[in-house]
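File shown: entry_34.txt (compact mmCIF, C-alpha atoms and all ligand atoms).
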# COMPACT_ATOMS: atom_id res chain seq x y z
CA MET A 15 102.06 73.70 94.18
CA VAL A 16 103.27 77.29 93.93
CA ASP A 17 99.93 78.20 92.37
CA ARG A 18 97.98 76.78 95.24
CA TYR A 19 100.14 78.64 97.76
CA TRP A 20 99.47 81.93 96.01
CA ILE A 21 95.75 81.40 95.65
CA GLY A 22 95.60 80.56 99.37
CA LEU A 23 97.56 83.69 100.20
CA LEU A 24 95.31 85.76 97.97
CA LEU A 25 92.17 84.48 99.70
CA LEU A 26 93.73 85.15 103.09
CA VAL A 27 94.66 88.70 102.11
CA SER A 28 91.26 89.47 100.65
CA SER A 29 89.42 88.17 103.70
CA LEU A 30 91.69 90.05 106.11
CA ALA A 31 91.45 93.26 104.08
CA GLY A 32 87.80 93.46 105.03
CA ILE A 33 88.47 93.14 108.76
CA SER A 34 91.36 95.59 109.08
CA ASP A 35 89.20 98.70 108.44
CA GLY A 36 88.15 100.97 111.34
CA SER A 37 90.19 101.67 114.48
CA ALA A 38 89.50 101.11 118.16
CA GLY A 39 91.54 104.11 119.31
CA ASP A 40 89.51 106.87 117.74
CA ALA A 41 86.23 105.29 118.94
CA ASP A 42 87.45 105.55 122.58
CA PRO A 43 85.24 108.12 124.44
CA PHE A 44 88.24 109.52 126.40
CA TYR A 45 90.14 110.13 123.17
CA ARG A 46 87.08 111.77 121.61
CA ALA A 47 86.57 114.02 124.61
CA CYS A 48 90.25 115.04 124.53
CA PHE A 49 90.07 115.75 120.79
CA GLY A 50 86.88 117.82 121.14
CA GLU A 51 88.40 119.83 123.99
CA CYS A 52 91.60 120.40 122.01
CA GLN A 53 89.62 121.68 118.99
CA ARG A 54 87.89 124.22 121.22
CA THR A 55 90.79 125.39 123.37
CA GLY A 56 93.84 124.44 121.31
CA CYS A 57 95.32 122.66 124.31
CA VAL A 58 95.87 119.11 125.54
CA GLY A 59 96.55 119.39 129.26
CA GLU A 60 99.39 121.90 129.63
CA LEU A 61 100.37 121.75 125.96
CA CYS A 62 98.91 124.39 123.62
CA PHE A 63 99.41 124.69 119.86
CA SER A 64 99.83 127.82 117.76
CA HIS A 65 98.01 126.08 114.86
CA CYS A 66 94.83 126.19 116.89
CA ASN A 67 95.24 129.88 117.75
CA TRP A 68 92.77 131.60 115.42
CA SER A 69 92.72 135.12 116.82
CA GLU A 70 96.05 136.29 115.33
CA GLY A 71 95.44 135.06 111.80
CA ILE A 72 91.85 135.86 111.04
CA SER A 73 91.56 139.22 112.78
CA SER A 74 92.14 142.27 110.59
CA GLY A 75 95.63 143.64 110.35
CA GLY A 76 97.36 140.27 109.71
CA SER A 77 99.48 139.75 106.58
CA TRP A 78 97.59 139.04 103.35
CA TYR A 79 98.47 135.35 103.44
CA MET A 80 96.90 135.02 106.88
CA GLN A 81 93.55 136.01 105.33
CA GLU A 82 93.84 133.40 102.59
CA PRO A 83 91.41 130.45 102.73
CA LEU A 84 94.33 128.14 101.88
CA TYR A 85 96.34 129.37 104.85
CA ILE A 86 93.36 128.96 107.17
CA ARG A 87 92.77 125.45 105.83
CA TRP A 88 96.44 124.64 106.38
CA LYS A 89 96.24 125.89 109.96
CA LEU A 90 93.11 123.83 110.55
CA LEU A 91 94.88 120.73 109.24
CA GLY A 92 97.85 121.46 111.50
CA CYS A 93 95.55 121.92 114.48
CA ILE A 94 93.73 118.64 113.84
CA GLY A 95 97.08 116.86 113.45
CA GLU A 96 98.46 118.23 116.73
CA CYS A 97 95.25 117.48 118.63
CA ARG A 98 95.05 113.94 117.30
CA TYR A 99 98.69 113.22 118.06
CA HIS A 100 98.82 114.59 121.59
CA CYS A 101 95.43 113.12 122.57
CA MET A 102 96.69 109.78 121.28
CA VAL A 103 99.94 110.06 123.27
CA ASP A 104 97.91 110.89 126.40
CA ARG A 105 95.49 108.03 125.83
CA GLU A 106 98.25 105.54 125.16
CA LYS A 107 100.07 106.57 128.35
CA ALA A 108 96.89 106.01 130.35
CA ARG A 109 96.23 102.68 128.63
CA GLN A 110 99.78 101.52 129.35
CA GLU A 111 99.42 102.42 133.04
CA HIS A 112 96.34 100.18 133.13
CA GLY A 113 98.28 97.39 131.47
CA HIS A 114 96.55 97.63 128.08
CA GLY A 115 98.39 97.20 124.78
CA PRO A 116 98.40 99.83 122.01
CA VAL A 117 95.40 100.30 119.68
CA LYS A 118 95.14 101.96 116.28
CA TYR A 119 93.97 105.55 115.80
CA HIS A 120 92.46 106.54 112.45
CA GLY A 121 93.85 103.37 110.88
CA LYS A 122 97.37 103.82 112.26
CA TRP A 123 99.37 102.55 115.20
CA PRO A 124 100.52 105.10 117.79
CA PHE A 125 103.96 106.17 116.53
CA LYS A 126 106.48 108.35 118.27
CA ARG A 127 107.29 111.47 116.24
CA VAL A 128 110.95 112.23 115.61
CA LEU A 129 111.76 115.80 114.47
CA GLY A 130 108.10 116.20 113.49
CA ILE A 131 108.26 113.09 111.28
CA GLN A 132 105.35 110.76 111.98
CA GLU A 133 106.90 107.42 111.05
CA PRO A 134 110.66 108.02 110.89
CA VAL A 135 111.62 104.39 110.26
CA SER A 136 109.23 104.02 107.33
CA VAL A 137 110.53 107.32 105.94
CA ALA A 138 114.13 106.14 106.21
CA PHE A 139 113.42 102.83 104.48
CA SER A 140 111.34 104.54 101.76
CA ALA A 141 114.25 106.87 101.06
CA LEU A 142 116.60 103.88 101.00
CA ASN A 143 114.34 102.12 98.49
CA LEU A 144 114.41 105.23 96.32
CA ALA A 145 118.21 105.29 96.50
CA MET A 146 118.37 101.58 95.62
CA HIS A 147 116.24 102.14 92.53
CA PHE A 148 118.40 105.07 91.49
CA HIS A 149 121.54 103.00 91.95
CA GLY A 150 120.01 100.08 90.04
CA TRP A 151 118.88 102.28 87.20
CA LEU A 152 122.25 104.03 86.96
CA SER A 153 124.15 100.74 86.78
CA PHE A 154 121.65 99.46 84.20
CA PHE A 155 122.18 102.61 82.14
CA ILE A 156 125.97 102.33 82.30
CA LEU A 157 125.86 98.65 81.36
CA LEU A 158 123.55 99.26 78.43
CA TYR A 159 125.26 102.25 76.85
CA TYR A 160 128.90 101.94 77.92
CA LYS A 161 129.64 98.24 78.41
CA LEU A 162 127.44 96.26 76.04
CA PRO A 163 127.80 96.52 72.23
CA LEU A 164 125.47 99.03 70.56
CA LYS A 165 123.73 98.89 67.20
CA GLN A 166 125.01 101.03 64.34
CA ASP A 167 122.48 103.75 65.15
CA LYS A 168 123.93 103.86 68.71
CA LYS A 169 120.81 102.25 70.17
CA ALA A 170 120.95 99.34 72.60
CA TYR A 171 120.23 95.83 71.33
CA TYR A 172 118.09 95.09 74.40
CA GLN A 173 114.46 95.58 73.31
CA TYR A 174 113.11 96.27 76.78
CA ALA A 175 115.50 99.11 77.68
CA SER A 176 112.98 101.95 77.42
CA LEU A 177 110.41 99.97 79.42
CA TRP A 178 112.92 99.58 82.29
CA HIS A 179 113.82 103.29 82.13
CA ILE A 180 110.16 104.17 82.66
CA TYR A 181 109.98 101.53 85.39
CA ALA A 182 112.86 103.22 87.25
CA LEU A 183 111.11 106.61 87.10
CA VAL A 184 107.76 105.19 88.21
CA SER A 185 109.45 103.34 91.10
CA MET A 186 111.40 106.37 92.31
CA ASN A 187 108.24 108.48 92.12
CA SER A 188 106.38 105.94 94.22
CA TRP A 189 109.08 105.80 96.93
CA LEU A 190 109.30 109.58 96.99
CA TRP A 191 105.60 109.87 97.83
CA SER A 192 105.87 107.00 100.25
CA SER A 193 108.48 108.91 102.26
CA VAL A 194 106.41 112.11 102.10
CA PHE A 195 103.28 110.26 103.25
CA HIS A 196 105.06 108.59 106.18
CA SER A 197 106.49 111.98 107.22
CA ARG A 198 103.12 113.70 107.28
CA ASP A 199 99.89 111.81 106.89
CA ILE A 200 97.25 114.15 105.46
CA GLU A 201 94.61 113.45 102.82
CA LEU A 202 96.74 114.85 99.99
CA THR A 203 99.94 112.91 100.82
CA GLU A 204 97.92 109.76 101.41
CA LYS A 205 96.25 109.98 98.01
CA LEU A 206 99.56 110.75 96.29
CA ASP A 207 101.19 107.74 97.95
CA TYR A 208 98.34 105.35 97.16
CA SER A 209 97.99 106.60 93.59
CA SER A 210 101.69 106.32 92.79
CA ALA A 211 101.80 102.82 94.30
CA VAL A 212 98.90 101.79 92.04
CA VAL A 213 100.70 103.32 89.03
CA LEU A 214 103.85 101.35 89.92
CA LEU A 215 101.99 98.05 90.36
CA GLY A 216 99.96 98.55 87.18
CA TYR A 217 102.98 99.54 85.13
CA SER A 218 105.14 96.69 86.42
CA LEU A 219 102.33 94.25 85.61
CA ILE A 220 102.30 95.52 82.01
CA LEU A 221 106.08 95.21 81.92
CA ALA A 222 105.93 91.64 83.28
CA ILE A 223 103.44 90.63 80.58
CA LEU A 224 105.45 92.28 77.79
CA ARG A 225 108.74 90.68 78.88
CA CYS A 226 107.38 87.24 79.74
CA PHE A 227 105.47 86.89 76.48
CA ASN A 228 108.28 88.47 74.44
CA VAL A 229 106.05 91.22 73.07
CA ARG A 230 108.40 93.28 70.91
CA ASP A 231 106.06 94.75 68.33
CA GLU A 232 104.93 98.31 69.13
CA ALA A 233 101.30 97.74 68.11
CA ALA A 234 101.03 94.55 70.15
CA ARG A 235 102.55 96.34 73.16
CA VAL A 236 99.89 99.05 72.93
CA MET A 237 97.17 96.40 72.63
CA VAL A 238 98.35 94.73 75.84
CA ALA A 239 98.94 97.96 77.75
CA ALA A 240 95.72 99.81 76.81
CA PRO A 241 93.14 97.82 78.82
CA LEU A 242 95.43 97.68 81.87
CA LEU A 243 96.19 101.42 81.65
CA ALA A 244 92.45 102.10 81.36
CA PHE A 245 91.77 100.02 84.45
CA VAL A 246 94.59 101.64 86.48
CA THR A 247 93.42 105.14 85.44
CA THR A 248 89.83 104.38 86.43
CA HIS A 249 90.96 102.95 89.76
CA ILE A 250 93.09 106.02 90.52
CA LEU A 251 90.21 108.37 89.64
CA PHE A 252 87.96 106.25 91.86
CA ILE A 253 90.18 106.36 94.96
CA ASN A 254 91.00 110.06 94.50
CA PHE A 255 87.66 111.57 93.56
CA TYR A 256 85.02 109.09 94.61
CA LYS A 257 86.00 107.07 97.65
CA LEU A 258 89.30 105.86 99.10
CA ASP A 259 88.06 102.37 99.87
CA TYR A 260 91.06 100.76 101.64
CA GLY A 261 89.72 97.21 101.40
CA TRP A 262 89.03 97.45 97.69
CA ASN A 263 92.32 99.23 96.95
CA MET A 264 94.22 96.55 98.86
CA LYS A 265 92.52 93.82 96.82
CA VAL A 266 93.37 95.56 93.54
CA CYS A 267 97.01 95.98 94.60
CA VAL A 268 97.40 92.42 95.88
CA VAL A 269 95.91 90.92 92.71
CA MET A 270 98.22 93.01 90.49
CA ALA A 271 101.23 92.10 92.66
CA VAL A 272 100.48 88.38 92.85
CA VAL A 273 99.79 88.07 89.11
CA GLN A 274 103.11 89.63 88.18
CA LEU A 275 105.11 87.66 90.74
CA LEU A 276 103.53 84.43 89.45
CA LEU A 277 104.18 85.43 85.84
CA TRP A 278 107.85 86.09 86.49
CA ALA A 279 108.34 82.92 88.54
CA ILE A 280 106.68 80.62 86.00
CA TRP A 281 108.34 82.32 83.02
CA ALA A 282 111.78 82.01 84.61
CA GLY A 283 111.24 78.28 85.15
CA VAL A 284 109.75 77.55 81.73
CA THR A 285 112.35 79.50 79.72
CA GLY A 286 115.27 78.40 81.88
CA HIS A 287 116.53 81.97 82.11
CA PRO A 288 120.21 81.94 83.24
CA SER A 289 119.42 84.28 86.18
CA ARG A 290 116.16 82.64 87.18
CA TRP A 291 117.36 82.06 90.75
CA LYS A 292 117.51 85.84 91.28
CA LEU A 293 113.90 86.10 90.16
CA TRP A 294 112.87 83.29 92.45
CA ILE A 295 114.54 84.94 95.44
CA VAL A 296 112.63 88.15 94.73
CA VAL A 297 109.31 86.31 94.22
CA VAL A 298 109.57 84.07 97.31
CA ALA A 299 110.99 86.77 99.61
CA GLY A 300 108.59 89.37 98.19
CA GLY A 301 105.66 87.01 98.81
CA LEU A 302 106.79 86.28 102.37
CA ALA A 303 107.33 89.99 103.01
CA MET A 304 103.72 90.60 101.99
CA LEU A 305 102.74 88.57 105.06
CA LEU A 306 104.14 91.44 107.15
CA GLU A 307 101.40 93.64 105.72
CA ILE A 308 98.85 91.07 106.86
CA TYR A 309 100.26 90.25 110.33
CA ASP A 310 100.32 93.88 111.22
CA PHE A 311 101.96 94.25 114.67
CA PRO A 312 102.16 97.49 116.72
CA PRO A 313 105.37 99.53 116.57
CA TYR A 314 108.21 98.32 118.78
CA LYS A 315 109.23 101.25 121.03
CA GLY A 316 106.75 103.37 119.04
CA LEU A 317 109.05 103.19 116.02
CA LEU A 318 109.41 99.87 114.20
CA ASP A 319 106.13 98.34 113.00
CA ALA A 320 105.31 95.64 110.44
CA HIS A 321 104.85 98.18 107.66
CA ALA A 322 108.29 99.74 108.24
CA LEU A 323 109.82 96.25 108.31
CA TRP A 324 108.06 95.52 105.04
CA HIS A 325 109.67 98.60 103.48
CA ALA A 326 112.99 97.35 104.84
CA THR A 327 112.71 93.97 103.11
CA THR A 328 112.24 95.56 99.69
CA VAL A 329 115.63 97.32 99.97
CA PRO A 330 117.80 94.19 99.38
CA LEU A 331 115.15 92.77 97.02
CA THR A 332 115.41 95.89 94.86
CA PHE A 333 119.17 95.32 94.63
CA ILE A 334 118.69 91.71 93.46
CA TRP A 335 115.90 92.80 91.13
CA TRP A 336 118.04 95.35 89.28
CA SER A 337 120.84 92.81 89.15
CA PHE A 338 118.38 90.48 87.37
CA ILE A 339 117.40 93.26 84.97
CA ARG A 340 121.09 93.81 84.11
CA ASP A 341 121.55 90.06 83.59
CA ASP A 342 118.53 90.01 81.31
CA ALA A 343 119.99 92.87 79.27
CA LYS A 344 123.30 91.00 78.94
CA PHE A 345 121.54 87.74 78.06
CA CYS A 346 119.29 89.25 75.38
CA THR A 347 122.10 91.38 73.94
CA SER A 348 124.48 88.43 73.57
CA ASN A 349 121.72 86.38 71.86
CA LEU A 350 120.93 89.21 69.45
CA VAL A 351 124.60 89.90 68.68
CA LYS A 352 125.14 86.18 67.95
CA LYS A 353 122.12 86.22 65.63
CA SER A 354 123.23 89.32 63.77
CA LYS A 355 126.65 87.83 62.99
ZN ZN A 401 104.42 102.65 103.33
Using the file provided, produce a representation of the structure as structure tokens.
Ligand SMILES: [Zn+2]
Amino acid sequence: MVDRYWIGLLLLVSSLAGISDGSAGDADPFYRACFGECQRTGCVGELCFSHCNWSEGISSGGSWYMQEPLYIRWKLLGCIGECRYHCMVDREKARQEHGHGPVKYHGKWPFKRVLGIQEPVSVAFSALNLAMHFHGWLSFFILLYYKLPLKQDKKAYYQYASLWHIYALVSMNSWLWSSVFHSRDIELTEKLDYSSAVVLLGYSLILAILRCFNVRDEAARVMVAAPLLAFVTTHILFINFYKLDYGWNMKVCVVMAVVQLLLWAIWAGVTGHPSRWKLWIVVVAGGLAMLLEIYDFPPYKGLLDAHALWHATTVPLTFIWWSFIRDDAKFCTSNLVKKSK
């Protein structure tokens, strides 16, 4: 039954992923005209931007850094960003006056900037997720090395400890880039966010396989991890240096996510793990939260959209998840200590 639900969800996601590309907002002729005008003059209506003011930087006599290609590129990026944002705000105001709802621009809903941050709510929740992972990792560390019995060589009994340490680092890295990307959406931050999310999903899939199939032998672990690592590396090279194909990337991410959620859920049921209910909460709620990514609604008051809400749901789930990891460490340790006596 659960299987069928997931396969259905997977099909739904993959079919919708194809449709959600392309945006109506940036195809609008009024928006295009505004953007073209802004690129030429550096102004949208009364508003003018210093980023689009070329005369001071490029003319002779400016500081050395003002002559640098990197600086000029940075200014150009800033100018494009300002023009896009203010033309969008103008267009949306006009659309609202005519009773039209918001549309997407360059793949994104029209958000209100707060203190120069593009999507402040998503940034806040990303930072909160990062903090939750740090808290979870810290409590896991304290449990492992200060509360549970240690082997004679001062190492933990729990055989998956190092895998979870890496998991914590990979997760925190991913949420860091998520908050950077939602603060400022440029090509670089977008690629960093997407790449680190793929790394996290790929790594956690490897971890799920190793834990669920009780792979403890080093050689066997490498055998399992190698093909997946090769695939993840290829995919990251593809989206960074060949083409950032959103539809394809979404499919890759959803498949990796669904496979690991299914693995955990089935494993917990089959093995009768004492904390299986925690796993099931994370799997069911995590699966439902994924629907938010599919039923993508425009931001409420220009701030809270489906994506931000999705980042919000993973905050409590991360807490339960690390609580499960701690339980697993306790469970395995007590079994191993019993065996060694
Ligand atoms: Zn995000």
Report as an mmCIF file with C-alpha atoms, keeping the file's coordinate frame which protein, DNA and RNA residues come within 8 Å of ligand ZN 401 (chain A), using only C-alpha atoms and all ligand atoms.
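Result saved to pocket_0.cif:
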data_model
loop_
_atom_site.group_PDB
_atom_site.id
_atom_site.type_symbol
_atom_site.label_atom_id
_atom_site.label_comp_id
_atom_site.auth_asym_id
_atom_site.auth_seq_id
_atom_site.Cartn_x
_atom_site.Cartn_y
_atom_site.Cartn_z
ATOM 1 C CA SER A 136 109.230 104.020 107.330
ATOM 2 C CA SER A 140 111.340 104.540 101.760
ATOM 3 C CA SER A 192 105.870 107.000 100.250
ATOM 4 C CA SER A 193 108.480 108.910 102.260
ATOM 5 C CA PHE A 195 103.280 110.260 103.250
ATOM 6 C CA HIS A 196 105.060 108.590 106.180
ATOM 7 C CA HIS A 321 104.850 98.180 107.660
ATOM 8 C CA ALA A 322 108.290 99.740 108.240
ATOM 9 C CA HIS A 325 109.670 98.600 103.480
#
Using the file's own x, y and z axes, so that the box edges lie along x, y and z, what centre and edge lengths in Å (one decimal) does a box around every listed atom of segment 173-187 of chain A get when 6 Å is added on each side? Give it as lines of an AutoDock Vina configuration file.
center_x = 111.6
center_y = 102.0
center_z = 82.8
size_x = 19.7
size_y = 24.9
size_z = 31.0
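The coordinates place atom CA of Lys257 of chain A at 28.1 Å from atom CA of Pro313 of chain A.
The space separating atom CA of Leu162 of chain A from atom CA of Gln274 of chain A comes to 28.0 Å.
If you measure from each of A:Leu158, A:Val135, A:Ala279, A:Met270 to Ala320 of chain A using all atoms listed in the file, the closest one turns out to be A:Val135.
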Excluding Asp341 of chain A and any residue of its chain fewer than 2 positions from it, enumerate the residues within 10 Å of it, using only C-alpha atoms, and give them as a compact mmCIF listing (two decimals) with C-alpha atoms, in the coordinates of the input.
# COMPACT_ATOMS: atom_id res chain seq x y z
CA PHE A 154 121.65 99.46 84.20
CA LEU A 157 125.86 98.65 81.36
CA HIS A 287 116.53 81.97 82.11
CA PRO A 288 120.21 81.94 83.24
CA SER A 289 119.42 84.28 86.18
CA ARG A 290 116.16 82.64 87.18
CA LYS A 292 117.51 85.84 91.28
CA TRP A 335 115.90 92.80 91.13
CA TRP A 336 118.04 95.35 89.28
CA SER A 337 120.84 92.81 89.15
CA PHE A 338 118.38 90.48 87.37
CA ILE A 339 117.40 93.26 84.97
CA ALA A 343 119.99 92.87 79.27
CA LYS A 344 123.30 91.00 78.94
CA PHE A 345 121.54 87.74 78.06
CA CYS A 346 119.29 89.25 75.38
CA THR A 347 122.10 91.38 73.94
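Distance-wise, atom CA of Lys169 of chain A and atom CA of Cys226 of chain A end up 22.3 Å apart.
For Asp104 of chain A, the non-local neighbours within 12 Å, defined as residues at least 5 positions apart in the same chain or in other chains and counting only C-alpha atoms, are Gly39, Phe44, Tyr45, Arg46, Ala47, Cys48, Phe49, Val58, Gly59, Glu60, Leu61, Cys97, Arg98, Tyr99, Arg109, Gln110, Glu111, Pro116 and Pro124 of chain A.
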Fill in: Within 12 Å of Ala239 of chain A using all atoms listed in the file, minus same-chain residues under 2 positions, as a VMD selection string
chain A and resid 177 216 to 224 229 232 to 237 241 to 247
With all atoms listed in the file as the counted atoms, please give the residues lying no more than 12 Å from Cys93 of chain A, apart from itself and same-chain residues fewer than 5 positions off, as a PDB file with C-alpha atoms, keeping the file's coordinate frame.
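Just written: part-v5.pdb:
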ATOM      1  CA  PHE A  49      90.070 115.750 120.790  1.00  0.00           C
ATOM      2  CA  GLY A  50      86.880 117.820 121.140  1.00  0.00           C
ATOM      3  CA  CYS A  52      91.600 120.400 122.010  1.00  0.00           C
ATOM      4  CA  GLN A  53      89.620 121.680 118.990  1.00  0.00           C
ATOM      5  CA  ARG A  54      87.890 124.220 121.220  1.00  0.00           C
ATOM      6  CA  THR A  55      90.790 125.390 123.370  1.00  0.00           C
ATOM      7  CA  GLY A  56      93.840 124.440 121.310  1.00  0.00           C
ATOM      8  CA  CYS A  57      95.320 122.660 124.310  1.00  0.00           C
ATOM      9  CA  VAL A  58      95.870 119.110 125.540  1.00  0.00           C
ATOM     10  CA  CYS A  62      98.910 124.390 123.620  1.00  0.00           C
ATOM     11  CA  PHE A  63      99.410 124.690 119.860  1.00  0.00           C
ATOM     12  CA  SER A  64      99.830 127.820 117.760  1.00  0.00           C
ATOM     13  CA  HIS A  65      98.010 126.080 114.860  1.00  0.00           C
ATOM     14  CA  CYS A  66      94.830 126.190 116.890  1.00  0.00           C
ATOM     15  CA  ASN A  67      95.240 129.880 117.750  1.00  0.00           C
ATOM     16  CA  TRP A  68      92.770 131.600 115.420  1.00  0.00           C
ATOM     17  CA  ILE A  86      93.360 128.960 107.170  1.00  0.00           C
ATOM     18  CA  ARG A  87      92.770 125.450 105.830  1.00  0.00           C
ATOM     19  CA  TRP A  88      96.440 124.640 106.380  1.00  0.00           C
ATOM     20  CA  ARG A  98      95.050 113.940 117.300  1.00  0.00           C
ATOM     21  CA  TYR A  99      98.690 113.220 118.060  1.00  0.00           C
ATOM     22  CA  HIS A 100      98.820 114.590 121.590  1.00  0.00           C
ATOM     23  CA  CYS A 101      95.430 113.120 122.570  1.00  0.00           C
TER      24      CYS A 101
END
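Using only C-alpha atoms for every distance, the candidate list A:Ile94, A:Val273, A:Ala38, A:Leu323 yields A:Ala38 as the residue closest to Trp123 of chain A.
Across A:Val329, A:Ala282, A:Leu183, A:Ile308, the tightest approach to Asn143 of chain A is made by A:Val329 when counting only C-alpha atoms.
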Item to complete: Fewer than 4 positions away in the same chain doesn't count, so skip those; otherwise give me all residues within 8 Å of Ala299 of chain A, counting all atoms listed in the file, as a list of chain:residue names.
Response: A:Ile295, A:Ala303, A:Leu331
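When all atoms listed in the file are used to compute distances to Leu142 of chain A, the closest of the residues A:Phe155, A:Phe333, A:Tyr85, A:Tyr260 turns out to be A:Phe333.
Of the residues listed (A:Gln166, A:Gly115, A:Glu201, A:Asp310), A:Glu201 shows the shortest atom-to-atom separation from Leu91 of chain A; distances use all atoms listed in the file.
Taking only C-alpha atoms into account, Ile156 of chain A lies nearest to A:Arg340 out of the set A:Val194, A:Arg340, A:Val284, A:Leu276.
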